[in-house]
Every structure is written in structure tokens, then in C-alpha cells.
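Colleague: Here it is, the structure in full.
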Amino acid sequence: MSKYRVTVDTGGTFSDFVFFNEDSGEIAITKVPSTPKEPFQAVLNGVKELIDQGVAAGDISFFCHGTTVGTNALLEEKGAKTGLMVTQGFRGIYEVMEQTRGYGPATYDLFFEKPRLLAPPYLTEEIPERVDFKGNVLKAIDVEASRAAIRRLKQKGVQSVAVCCLFSFLNPDHELKIKELFAEEFPEARLSLSYEVLPQIREFYRLSTTVINGYIQPVMATYLGHLESRMRELGVVTPKLYIMQSNGGVSTFKGSAEKPVATVLSGPAGGVIASMGTCERVGINNIITFDMGGTSCDVALIHQGNPVITTQGKINLRPIALPMLDIHTVSAGGGTIARIDAVGGLQVGPDSAGADPGPVCYNRGGENITVTDANMVCGVLDPNHFLGGRMKLDKEKAHRVLEEKLAKPLKLDLLEAADGVLKIIDAKMEEAIKAVSSARGYDIRDFTLVAFGGGGPMHAGRMALDLGIPTVLVPLTPGVHSALGLLMSDVKHDYVRSKLVGLEDLDLAEINHMFHQLIERAKADLKSEGFTDEEIKIEPYLDLRYAGQGYELTVPSSMPPYTKHDLTLMRSRFDTMHEQNSGHKAESEPVELVSLRLISLGLVPQAKLSPGKVTGRKVEAAKLGERKVYFGKEHGVLTTQVYNRDLFEPGHKLTGPAIVEQLDTTTVIHPEQEASVDEYRNIIIKEKKA
Amino acid sequence: MTVDPITLQVIQARLAGIVQEMQNSLFRTGYSTIIRESQDASCAVLNTRGEVIAQHVVLPLHMGAFPACAAAILKTFAPDEINDGDAFITNHPYLGGSPHAPDMGVFTPIFYKSEWVGFAANMAHKSDIGGTVPGSGSGTAREIYQEGLHLPPVKFMTRLQPVKEIDAMIAANSRTPGLVLGDLRGQVGAARLGERRIGELMARYGKETILQSTELLSAHTESRVRQAISSWPDGESEAESFVDHDGIDLSKPIRIHVKVKKTGDRLHFDFSSSSDQTQGPANIRPPLVRAACAYCLVALVDRFLPINHGLARCVDATFREGSVVDPRFPAAVNTYMPTALTAAEAILRALAHFVPDKRIAGGSGSAALVLGGRDAQSNRAYVHYEIFSGGTGARAGKDGVSATAFHLSNCRTAPIEIIESEFPTRVERFEMLADSGGAGEWRGGLGFVREYRLLADDVRFSMRTDKHAVEPFGMSAGLPGGKGACRINAATESEKTLPSRFGDHRLGRNDTIRVERPGGGGLGNPLHRPVEKVLEDLRQGYVSVGRARDHYGVAAEMVDGEPLFHEGETAHLRGKIG
């Protein structure tokens, strides 16, 4: 029997599955309705579907899951009753939250609120202790007072406790002492130490990350516990059970149960990883990913195969300082609403009709015209073939409401108004793409736009023309792209230790020793997860800054131990990187080391997807028919060929205008464009040669 | 020709993207930490009349500064003196429109097919531009001559070539010439980006379409605001708010008064009854007060409104020459921010008459703390600079927000672990200040306390803030918020309280500083605050047992960290006080 890798990405409406046959290299996809009340049920349903097809549960060799259980617990504020312990006198670190609100429109919001405290003041205890900026103990921990504090938390019924002492990244003894005391006094509590979650300088970010971890840990641990035991009941025996993380790598169930905060922003990561994998196979390494769903669109830039990483993640204004893929999100999706404002101006977004009630054409009570309705009216969507015909759309109603609510008041004809909605939403998404590319100094002409999600392939064509991006790639399964990414990810852990010191003044032996410890720990962690030495890859980095700057650049480094000469090299690498990022460098300014970083990778054998088969079928055989599609004033209504993507083979070529339909999306090829199918059956869209 | 509504919105999205991109470029290329970390900078695109057609807002007051600077440039230079590749700069509060000397405006003309079509501009705070103290913000300045080098509109570049003389003058007058010139070049770069992108926009959609669109978009913003105003009842309303003092005469609060008259879709703001101009640097120029009016309108009407001169057209204001909001040259202006914040509060207080569901009580304002000296260990001079907030006023239907930058200010606290690693200062306490939120049906936000111990000898300490003498006002029977304070060596025999503005107070090793930040005022009668909310405030430590009883009429005691409620006594108390 063949071995199967199974990946599942749980979304709000559907859970997307990819089944990969390790022997044939073929993949099968399926969408199972999500079960938000008991999220693991949908996962089990999908696995059962595979088993029902005759695959033995024991032949599932690898399982990887993208989950929003932690994210939702945080967004809906349904996490655990969480306590917090901080250095005596420093409750304000959490409560003040840096005293910030947002920029832009948020600046004018007289009624804004700070995010609620996940660990409220009455569940916050102070630890009499203090460590200074060199890691020296200024005030030894008062063990008895700490013990009493732990007992109070126990009495108040907290399930989880976050601990964050000042400078614990330099000297963790006091936090570790608290851990010991918990083992004696309150062993059933879940404990998140800031030293273990993120031993990094800047107390608020460390604390916020640690509190979020504590808040969602019981929820995630319970979820993963249930899921694992139910999978075992089904006969799944593989020890390779993984969870997608925000950093674009995966972690074991056990690791994610301990550090669920690393999964909170993982939602769009799978799509980025899948885009990288897809493009690597066809030799493309400069990519802009464009994932358009129902309410938002996510864009990310990958330059020469490397995604941009940030440590400035936020969810509902709550910072998470763990490294994550830098993904830019704007409120623009299929459900984005278009309306006329109080003085007769057309506004598109930022609010969305979501999936419920959804667009007018869903006929579920939605009364607001959305982007999806506009696509319907222009003829891009076929009312009878939405989701492969599983859902009938009400074209008449979309026409009627769009005419009444937009076209008439604007004194435009129906098609112009519908196309106008698309143009405006495209302009907003194009500006988001510029923000991650040309605004950061990249030449957009060097990039390929990878379009996925339900809406990406519908909008990418015109956006690429507008932006001057020469190529659009629509992957084979754009609707389950995130799940595909789970198949391409390696196990990835991040390690950090802060040590703020001038590069000139640092003690080499000390830094080398610190790095040595990090490397040993990273290796031990991966080995305990079943990786051999050959499968382990370690990447060291230094966080450097010009003295006194407010943030650091993460500079890739050679493998420690370092010599003086290595530091000189790092310094000049930093200058170069700074110039590239910020347009200038200051070679005479002193440089400071802020943190040591490691990324450890446990390499998962590549899923070797097979290229598409060539049977010699003509592209005409894929033709479903034709329909009238409006391509804007310049072209008007054109009779447009409609194709079935499932029948495409490598080498097929199409000329715009054309529409390609598949189960989970529709690809639009504009009159100015032509398209071809590559060996992995991606659709490649380019401008017609003059 | 008229622009269709679709193209109009596409162009609006592009303009928003352009000013955002200019802003990103400025933050990215800014040299000093002020631009990059505090983000004390804004970008805009203006037309040839000097009117804003698009702006990215970080600091709302810059809405007034841009057109004022542009007007000064247009007054100084004839159209035939404005050439492709030029860059104008100005930081003059009177001969230009800059809030104070450190804020330098950069304007580059946009040319399309050899025709001048507008300006790309930005304004950013400089680390030092001379004057009597580092940072150029002397609390005791009495004339702008003590506040640094002032440039009326001049060319910083002519046809892409730097004007060497101006470079040299700036370099010779700043304590940090490298940072200032570096930042200025970053500003020029960001403006050039704006020029290029507006040019591309015109090439794509046509110059006429763009020019006409910007007019229509401004008209649209204006009609959105006017439509909202006309839905308010006609009438008059007046309000005042006070700044502690000007740093020189500590006994004299500064009154900001505004009378608003609303007729149809028009508002008129009259500031004539505000205090006379001050000797100290608490004065503010009218363009910035107009910007404070515009800030209030956006906040009351729709925060997603595109920011352009349509907004400015809705602000009709009268000032009395020689008053604190229309000072005569050369009155000092460097610490205009507390006055601006107080003005914004007075304006909102007056407008609350028309929009009662957007009432908001007085808040803490902001504070700047500067510790400077020489670190014995590294033997390096250091400047430890922090900006603090406090509690906001309670809002109609919502409590105030604790410890938050608000209205016109938007800066972060500095991390304690960074402060201690970089400066000979130890932070000893950072927590909320219980009972600082003014009592009300809706409670004011809490202020906070931060305590420092100095680990160096000969430290020079300055502070610029407000609401240490005047309490943040309560509203609609709500009580005022707690005042701020600055105490040296608190709880020792040598305890000393400093005023809200001072410069160069000398301190030594082991001295302590306790900064208490004001809380916001309450809104509505405190006796109408539901008992459960008062009990929750007790549980969280936001309100003390005594305060609950005295202000809220709620009797309770704390047992094992939980409030134990005395129902009968509460009924009695609430009946008696009410």
C-alpha cells in the first residue's frame, strides 16, 4: 500500500485537505465543512474520508495541520482564566501597554478602547525580586512571599499563569525559582515563563507574548490532546504530527501545546510557503503572493527565495514578538461592501458582508452589494458553477440590487458600475502590493504575482497589468493553497537570547558560550522530535543596530564560535543591510549587539509532486462553452471562451479574453493577456507580445 | 469634462497609497530616532494654490502646518522662480507655518510635462536646531530667538543641486548637524517619490482628470462634513479649558476659550476670549489651532474621511491678535503642545453641545521628560528622553482609557530594559495610579506613576507638561481627574515638588524622581454608576474603598482581594448624597 501524507488547513467555513500519495507523487484535495464548535471533528471527518477511500489509517505517514483554535480563543477572548506574576512595582508594564493607539483613522477615534487585559489586575501578583541590566541580582527573590502569591492565585482558580520578571533573559534564576515553587504549590497550573517563551529584551513585548501564550495554552493543549487521541482511535499511528506556525515552519503537537502563541498568526503562512514551493519547482524565486479571500487579502514578498520575517506581529493590537512571516493584510475580499455614502459618493470597503449573510447573490439575506456580486454581474462568475455547482447564485437579484443601489444613483449603466467596484477594490489591493514591494525598494518588474484564495485568480490579471508585473502564476489548487503549504514545510524552531552590548566591547568567549548553549538546546530539541543529525540544519543570526537605535536588523551569520575577524565581517554586513533597508549606512557609528538568534530546521523529506501528464489532448477539449463578460469601457462586452481547468495539460495555451473555471476559483485572462499551462499545470499569464 | 465616480475613487485610493508610500519612505530613510521611532513626521501632496489634496496623518496638527508653509513659499517665490528639481524648506512659525523651530517642512514642486502642478511635502521633527538648550525646546524661552535657527522659506536645493550656503548655515547652528542634514535629505527623498508618483498618475489618467479629481475629492470631504454639521441643531455654545501656566508665572493659568456658532452647514469658532499671549513658550500660532478644529471635526464626523483642504474649508475661525492662540512676533512657541491639547479639549467641550453623544471629559495631555548628563562608566554624554501620557477623559457611554496617548499626541513609552541598559537611570516603579480617574457614571481613565533613581552625578532634569495645577475637567456632573505631579526624593525629608514646566533642575546620584501622571475627568453623576462597575473597579484596584464610598456612594470592604458589598449601607449612602 502507498504511504500518504495528510494535511489539513481549518478555515472558518471549510477545512481544506490535501492527500499526497508518496509513491505516485499525486495529490488529491477535498473540502470538508468546518465544525467550529468542535474543530477536531472536521479534521477527523476528512481523515475518515481518506480511510473510506480504502487507505489504511496505518499508512498515513505524516500529518500536518493549520489550526485557528489558538487564534480564535484569543480573538473571541475565550482563553483560560490566566494569572500574571511580575517584578514587584511593575504591574504597569502590562496595563500601560506602551500607551499607544493606532495611526491613520485610529488617531481620530474618540471612542477607542485598549485591548482587554488577558490577565486582569486582580489576578496579577508581584514578586519581590529585581535583577539589573547586567543580570546581577539587586534584590533576591522573597521565596515565602512568592509562595503566598502562588497560593492566592490557586485559591482564585486560575488555570494558567504567565511569569515575566525584568531582565529574566539575562538571569532567569528568579523565574525558574517560581517554576519550582509552582511544582510544589500548584503543579496543576499551566505555566508560561517569559524566559522560556521569548528570552528577549524589551519587557512589554516579552510579557505580552508570554501572557498570550498562557491565555491560550490550556485551550490548545486540550484541543491537540483530543485530536491526537481520536486520530489514534482511528488507527493513525504516525509519530509525525505537526502544527503550522506563524514563522512558516511546523512544530510537533507537543511543542505547539506548550507554545501555542507561535501558531496564532499562522493563518496566511501556509499560502506563502506553498507559493515558494510551487515557484521553486519552476525556477522562480522573486514572488509576490496575493491571497484574496472573503473579507481580506494577504500579500507577502519573497526575494530570491527568502520570505521577509518580522518580529512585530500583532493581533487585535496585542503584540506577539516571535519571528513570523511578514504578511501585509488589507480589508479587501469577495465580501467587501460597495455603497453610496451620505453625500452620494461611491465607497468600496473597508467593511465586509463576510460569509453570512454574504453577497447579495448568495441569497442568504445579504442586501449590500459586494465585490463578488460585481464579479457576477460582469460575467466573471457563472451562477450555475459556483463551487463546482454546489451553490446556486442568484444572478437576477445581484443585477437588480446593483442597479438600484449603485448604478442608478451614480447615473452609470449596470456594467460600468459593477466594473467600477472591481476597479476600486483592485486599486486598493494594488496599493497594498506596492507597500510590500516598490515602497521597500524592490523593482516590481522582477517579480511574479502568485494568485490564490477564492478571489486571487479573478483579480490578479488586471492588477498585474496595472502594476506592470510581467507574470501571474495561478497554482493548480488555488483554493487549498494553504493546505498545500503544510505539505512543503520543515519543522522550524526559533531561539533567541538578548545581550545588549557594544560590538567593540563584547566578551567573545561569553557570546560563543551563549551561542553554544543555544545550538546544543536546538539540536537536543530536534533530536527529541525524531530528527537525525543529517536532518538538522542550524542558522545563526545576530540582531544588530547602530548604538541607540530603536530597532534591530537580523543579520545572517557564519557558524559560531566567532573570532574578532568574524565580528568585523558581521559589522560590514550590517552596514550593507542597513543601507539596503534604510537607504543609508553609518560606518563610523558604533554598532551594538542586541540579541543572538538561531533558527533550527528539522528537514522533512520533500513531497515530490509529480508533473502533469501529457496525453496530447488539445486545449479545445477543455472548453466548456462561452459567455459574455464585461472587460471595462475599453473593451466592452466580449464573447469569452470558458475552460475547465481540470482538463488542462502542460503545454496548453490560451489567448485572452478567457475564463478558466475550477472547483474553488475562477481565473480571468484579460484581452491584453495570454496564458500557458506549465509542466506542473500552473497557469502562467503574461501580457500579449505586441 | 467631469470625472466619473469610479475613476474618482480609484484616484482617491492612489492618492492614499502615494502619501502612505511617502510616509514609509520617510520613516525608512529617516536618520534620527525621532523620525524612525517616535514617528514625529507627516507627508502630504498639495496643489499650486498650496492646498492639501492628500495627507497621511500621524500628527493631526500638521494638517494646519502644511498649507501655512505652502502659503509662505508662494508669497516668497513667484511661479517663475519655482523650478523642476527645487526643494524649499522652512521651519519659521511666523514667516512660515511650522509649529516650532525643530519641525522642518520640506516642499518640492511637482512638474508634469514641464508644467508646475503642485507640491510634494513633508514635515519632520529635528533632534536639535540650536537655541539655548539641547533639543531647542527651552521651557524658559521668551522670544523665538532663543528657540533655535529659524529659516523663512528658502531653497534647500535648486534644480536638483544642494544649496551649499543653506547646508552650511544649518550645520553651523545645530548641535547634531549630521542628524539634521541626514533627515532633511531623507525628507527630500520622500518628497521626490511623491513627485514621481503624482507624475505617473497624471501620465496614466491625464493631468486634467487628476486636477479635477482632487477638486472633487476635496469638495466631497467638505460636503461630508457640512452634511454632518447641518444635521446638528443651530445655536451657540462656548467652553474653556486651562493650561497650568507658562513656566514663568506659575500662579497664572492660561485660559483657552472658544465660542462656537452653528448656522445651517456652517460652524464659526471664535477664540477671542482666550488669555493674552504668554511670556513663556506656551503660545501657539493660528494655523495649528485651525488644525485642532479640523481634528475635532474629523473625530466627530467620520474618522475615515479623506484628509484634504475640503476639511480646512469647514474651519472658519477668529483669533484676537496678541492672545495665546495668535501671539505677536516674536513670542516664544516651543512648548505649544500642552496649549494645543487644551485647545482641542475646549473645542470638543463646546461642540458637545451640538453632538451630546460624543461628549468627552478632560484628559491628562502629554509630558516630555529629559535627563541629561555624563555617564561615568562610559564617560559619554547622554540624553534620556521620554514622552508620557495619562488617563483620557470619560466618554459618553464609555469609561476613559487609562494611560494612553490621545487627541493630538501619539508616542510610546520607552522600554525599561532599554533605558537601564543605555542610561545611568534605574526605574523603580511603574504602575497605575489608583483613584486618579475622575469619578462619574463613566469613570475617567487612570494615570500612572513612574519612579526613577539616578545612578550618575550632576544630572540636568527638565520636564514639559501640564495638568499639575489644573485638574482635567469632569463633565455633566462627573468629577475632575487627578492632577499630575513631579516629586524629587518623595517620602524622604528632602522631598520637593517641581512645577509642570521647568528646565535644568540639578540632581545627583541616588536622587529619586516620582512622576505621577494625571487621570481623566469623569462624565455623568458618579452615583449613577452601576454598583457592579464600582465593585469591579475595587476588585481591579482602580478605585479605593474610601473613594468608592465618598464619590460613588458604594459601601464595600476588601476581603482576600474580593470586594464584599454592603447593600443596605450603599442604599443609604446613595440616597443621602443624591
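Here, A, B, ... name the chains of the C-alpha cells in the order displayed, residue numbers run from 1 inside each chain, and ligands are numbered from 1 in the same displayed order.
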For B:Arg303, work out the shell of residues within 9 Å, counting only C-alpha atoms and skipping chain neighbours fewer than 6 positions away, then give it as an mmCIF file with C-alpha atoms, in the first residue's frame.
Modeller:
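Wrote result37.cif, looks like this:
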data_model
loop_
_atom_site.group_PDB
_atom_site.id
_atom_site.type_symbol
_atom_site.label_atom_id
_atom_site.label_comp_id
_atom_site.auth_asym_id
_atom_site.auth_seq_id
_atom_site.Cartn_x
_atom_site.Cartn_y
_atom_site.Cartn_z
ATOM 1 C CA GLY A 104 -4.266 56.803 10.471
ATOM 2 C CA PRO A 105 -8.027 56.840 11.093
ATOM 3 C CA ALA A 106 -7.488 55.385 14.585
ATOM 4 C CA THR A 107 -5.863 58.692 15.522
ATOM 5 C CA TYR A 108 -9.308 60.317 15.370
ATOM 6 C CA ASP A 109 -11.251 57.664 17.229
ATOM 7 C CA LEU B 297 -14.393 67.691 13.133
#
Colleague: Residues of stretch 118-185 of chain B that have any atom at most 12 Å from an atom of stretch 584-589 of chain A: could you tabulate them with the shortest-distance atom pair and the distance in Å to one decimal, using only C-alpha atoms, ordered by chain and increasing number, as a Markdown table?
Modeller:
| residue | atom | partner | partner_atom | distance |
| --- | --- | --- | --- | --- |
| B:Gly178 | CA | A:Ala586 | CA | 10.5 |
| B:Leu179 | CA | A:Ala586 | CA | 10.9 |
| B:Gly182 | CA | A:His584 | CA | 9.1 |
| B:Asp183 | CA | A:His584 | CA | 10.8 |
| B:Arg185 | CA | A:His584 | CA | 10.6 |
Colleague: Sorted by chain and rising residue number, list the residues of chain B at most 6 Å from chain A (counting only C-alpha atoms), each with its closest atom pair and distance in Å to one decimal, as a Markdown table.
Modeller:
| residue | atom | partner | partner_atom | distance |
| --- | --- | --- | --- | --- |
| B:Ile6 | CA | A:Gly420 | CA | 5.1 |
| B:Val10 | CA | A:Ile424 | CA | 5.0 |
| B:Ala13 | CA | A:Lys428 | CA | 5.8 |
| B:Gly17 | CA | A:Glu431 | CA | 5.4 |
| B:Glu21 | CA | A:Ala439 | CA | 5.7 |
| B:Arg28 | CA | A:Ser582 | CA | 5.0 |
| B:Thr29 | CA | A:Ser582 | CA | 4.8 |
| B:Glu37 | CA | A:Gly550 | CA | 6.0 |
| B:Val57 | CA | A:Gly104 | CA | 5.5 |
| B:Val58 | CA | A:Tyr103 | CA | 5.9 |
| B:Ala299 | CA | A:Tyr108 | CA | 4.7 |
| B:Arg303 | CA | A:Pro105 | CA | 5.1 |
| B:Phe304 | CA | A:Pro105 | CA | 5.5 |
| B:Ala403 | CA | A:Val96 | CA | 5.4 |
| B:Thr404 | CA | A:Gln99 | CA | 4.2 |
| B:Ala405 | CA | A:Gln99 | CA | 5.7 |
| B:Arg412 | CA | A:Glu98 | CA | 5.1 |
| B:Thr413 | CA | A:Glu98 | CA | 4.9 |
| B:Pro415 | CA | A:Arg202 | CA | 5.5 |
| B:Glu417 | CA | A:Arg202 | CA | 5.7 |
| B:Ser421 | CA | A:Phe133 | CA | 5.5 |
| B:Arg429 | CA | A:Gly89 | CA | 4.8 |
| B:Phe430 | CA | A:Phe90 | CA | 4.9 |
| B:Glu431 | CA | A:Gly92 | CA | 3.8 |
| B:Met432 | CA | A:Gly92 | CA | 5.8 |
| B:Gln540 | CA | A:Tyr122 | CA | 4.9 |
Colleague: Excluding stretch 328-332 of chain B and residues on its chain fewer than 3 positions from it, collect all residues at most 6 Å away from it, counting only C-alpha atoms, and give them as a ChimeraX atom specification.
Modeller: /B:142-144,281,322
Colleague: Taking 2 positions as the minimum chain separation for residues in the same chain, which residues sit within 8 Å of stretch 532-537 of chain B when counting only C-alpha atoms? Answer as a ChimeraX atom specification.
Modeller: /B:529-530,539-543,548,552,554,556,563,565
Colleague: Just the residues within 12 Å of B:Tyr145, please, counting only C-alpha atoms, with nothing from its chain fewer than 6 positions along; format it as a list in words.
Modeller: His92, Pro93, His100, Ala101, Ile129, Gly130, Gly131, Thr132, Ser136, Gly137, Ser138, Leu151, Pro281, Phe329, Pro330, Ala331, Ala332, Val333 and Asn334 of chain B
Colleague: Please determine, counting only C-alpha atoms, which residue among B:Arg266, B:His150, B:Arg204, B:Arg443 has the shortest atom-to-atom distance to B:Ser174.
Modeller: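 Ranking B:Arg266, B:His150, B:Arg204, B:Arg443 by distance to B:Ser174, first place goes to B:His150.
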Colleague: Extract the full set of helix (DSSP H, G or I) residues from stretch 496-617 of chain A according to DSSP on the backbone, and format it as a short mmCIF file (atom, residue, chain, number, x, y, z; two decimals) with C-alpha atoms, in the first residue's frame.
Modeller:
data_model
loop_
_atom_site.label_atom_id
_atom_site.label_comp_id
_atom_site.auth_asym_id
_atom_site.auth_seq_id
_atom_site.Cartn_x
_atom_site.Cartn_y
_atom_site.Cartn_z
CA LEU A 508 33.86 36.84 22.68
CA ALA A 509 34.13 33.86 24.98
CA GLU A 510 30.83 34.74 26.62
CA ILE A 511 28.99 35.20 23.32
CA ASN A 512 30.44 31.98 21.94
CA HIS A 513 29.38 30.18 25.07
CA MET A 514 25.85 31.58 24.84
CA PHE A 515 25.60 30.52 21.21
CA HIS A 516 26.99 27.10 22.04
CA GLN A 517 24.26 26.63 24.62
CA LEU A 518 21.56 27.72 22.18
CA ILE A 519 22.86 25.38 19.49
CA GLU A 520 23.03 22.44 21.87
CA ARG A 521 19.50 23.10 23.01
CA ALA A 522 18.23 23.46 19.46
CA LYS A 523 19.83 20.18 18.45
CA ALA A 524 18.54 18.37 21.53
CA ASP A 525 15.01 19.64 20.87
CA LEU A 526 15.01 18.40 17.28
CA LYS A 527 16.56 15.07 18.22
CA SER A 528 13.85 14.55 20.80
CA ASP A 533 21.99 14.90 12.75
CA GLU A 534 21.78 14.86 8.94
CA GLU A 535 18.23 16.21 9.02
CA LYS A 564 37.32 39.01 16.14
CA HIS A 565 37.52 38.89 12.38
CA ASP A 566 34.04 37.34 12.14
CA LEU A 567 32.64 40.26 14.11
CA THR A 568 34.23 42.72 11.70
CA LEU A 569 32.62 40.87 8.82
CA MET A 570 29.25 40.92 10.58
CA ARG A 571 29.59 44.61 11.15
CA SER A 572 30.14 45.36 7.49
CA ARG A 573 27.33 43.01 6.53
CA PHE A 574 25.11 45.00 8.88
CA ASP A 575 26.15 48.30 7.28
CA THR A 576 25.29 46.92 3.85
CA MET A 577 21.97 45.57 5.01
CA HIS A 578 21.13 48.84 6.72
CA GLU A 579 21.84 50.74 3.57
CA GLN A 580 19.64 48.40 1.55
CA ASN A 581 16.80 48.68 4.07
CA SER A 582 17.04 52.31 5.02
#
Colleague: Contacts of A:Tyr630 at 9 Å or less, counting only C-alpha atoms, minus same-chain residues fewer than 2 places along, as a VMD selection string?
Modeller: chain A and resid 377 to 380 415 to 416 419 628 632 to 633 635 to 639
Colleague: Pick from A:Val143, A:Val642, A:Leu74, A:Val496: nearest to A:Glu196, with only C-alpha atoms counted?
Modeller: A:Val496
Colleague: Quick one: everything within 8 Å of B:Gly481, counting only C-alpha atoms, minus sequence neighbours fewer than 2 positions away in the same chain. Send it as an MDAnalysis selection string.
Modeller: chainID B and resid 362:363 393 436:439 444 471:474 479 483 518:522
Colleague: Counting only C-alpha atoms, figure out which residue out of B:Ser213, B:Asn47, B:Asn122, B:Thr263 gets nearest to B:Gly189.
Modeller: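 Between B:Ser213, B:Asn47, B:Asn122, B:Thr263, the residue approaching B:Gly189 most closely is B:Asn122.
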Colleague: Could you give me, as a ChimeraX atom specification, each residue of stretch 79-321 of chain A that DSSP assigns to strand (DSSP E) when run on this structure's backbone?
Modeller: /A:82-87,124-127,130-131,137-139,160-164,190-193,241-244,250-252,287-292,297-303,306-307,309-310,313-315,318-320
Colleague: At what distance in Å, to one decimal, does atom CA of B:Met22 lie from atom CA of B:Phe107?
Modeller: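 These atoms are spaced 12.6 Å apart.
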Colleague: Point out the residue among A:Ile302, A:Val47, A:Glu185, A:Ala690 with the least atom-to-atom distance to A:Arg232, counting only C-alpha atoms.
Modeller: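 When distances to A:Arg232 are compared using only C-alpha atoms, the smallest one comes from A:Val47.
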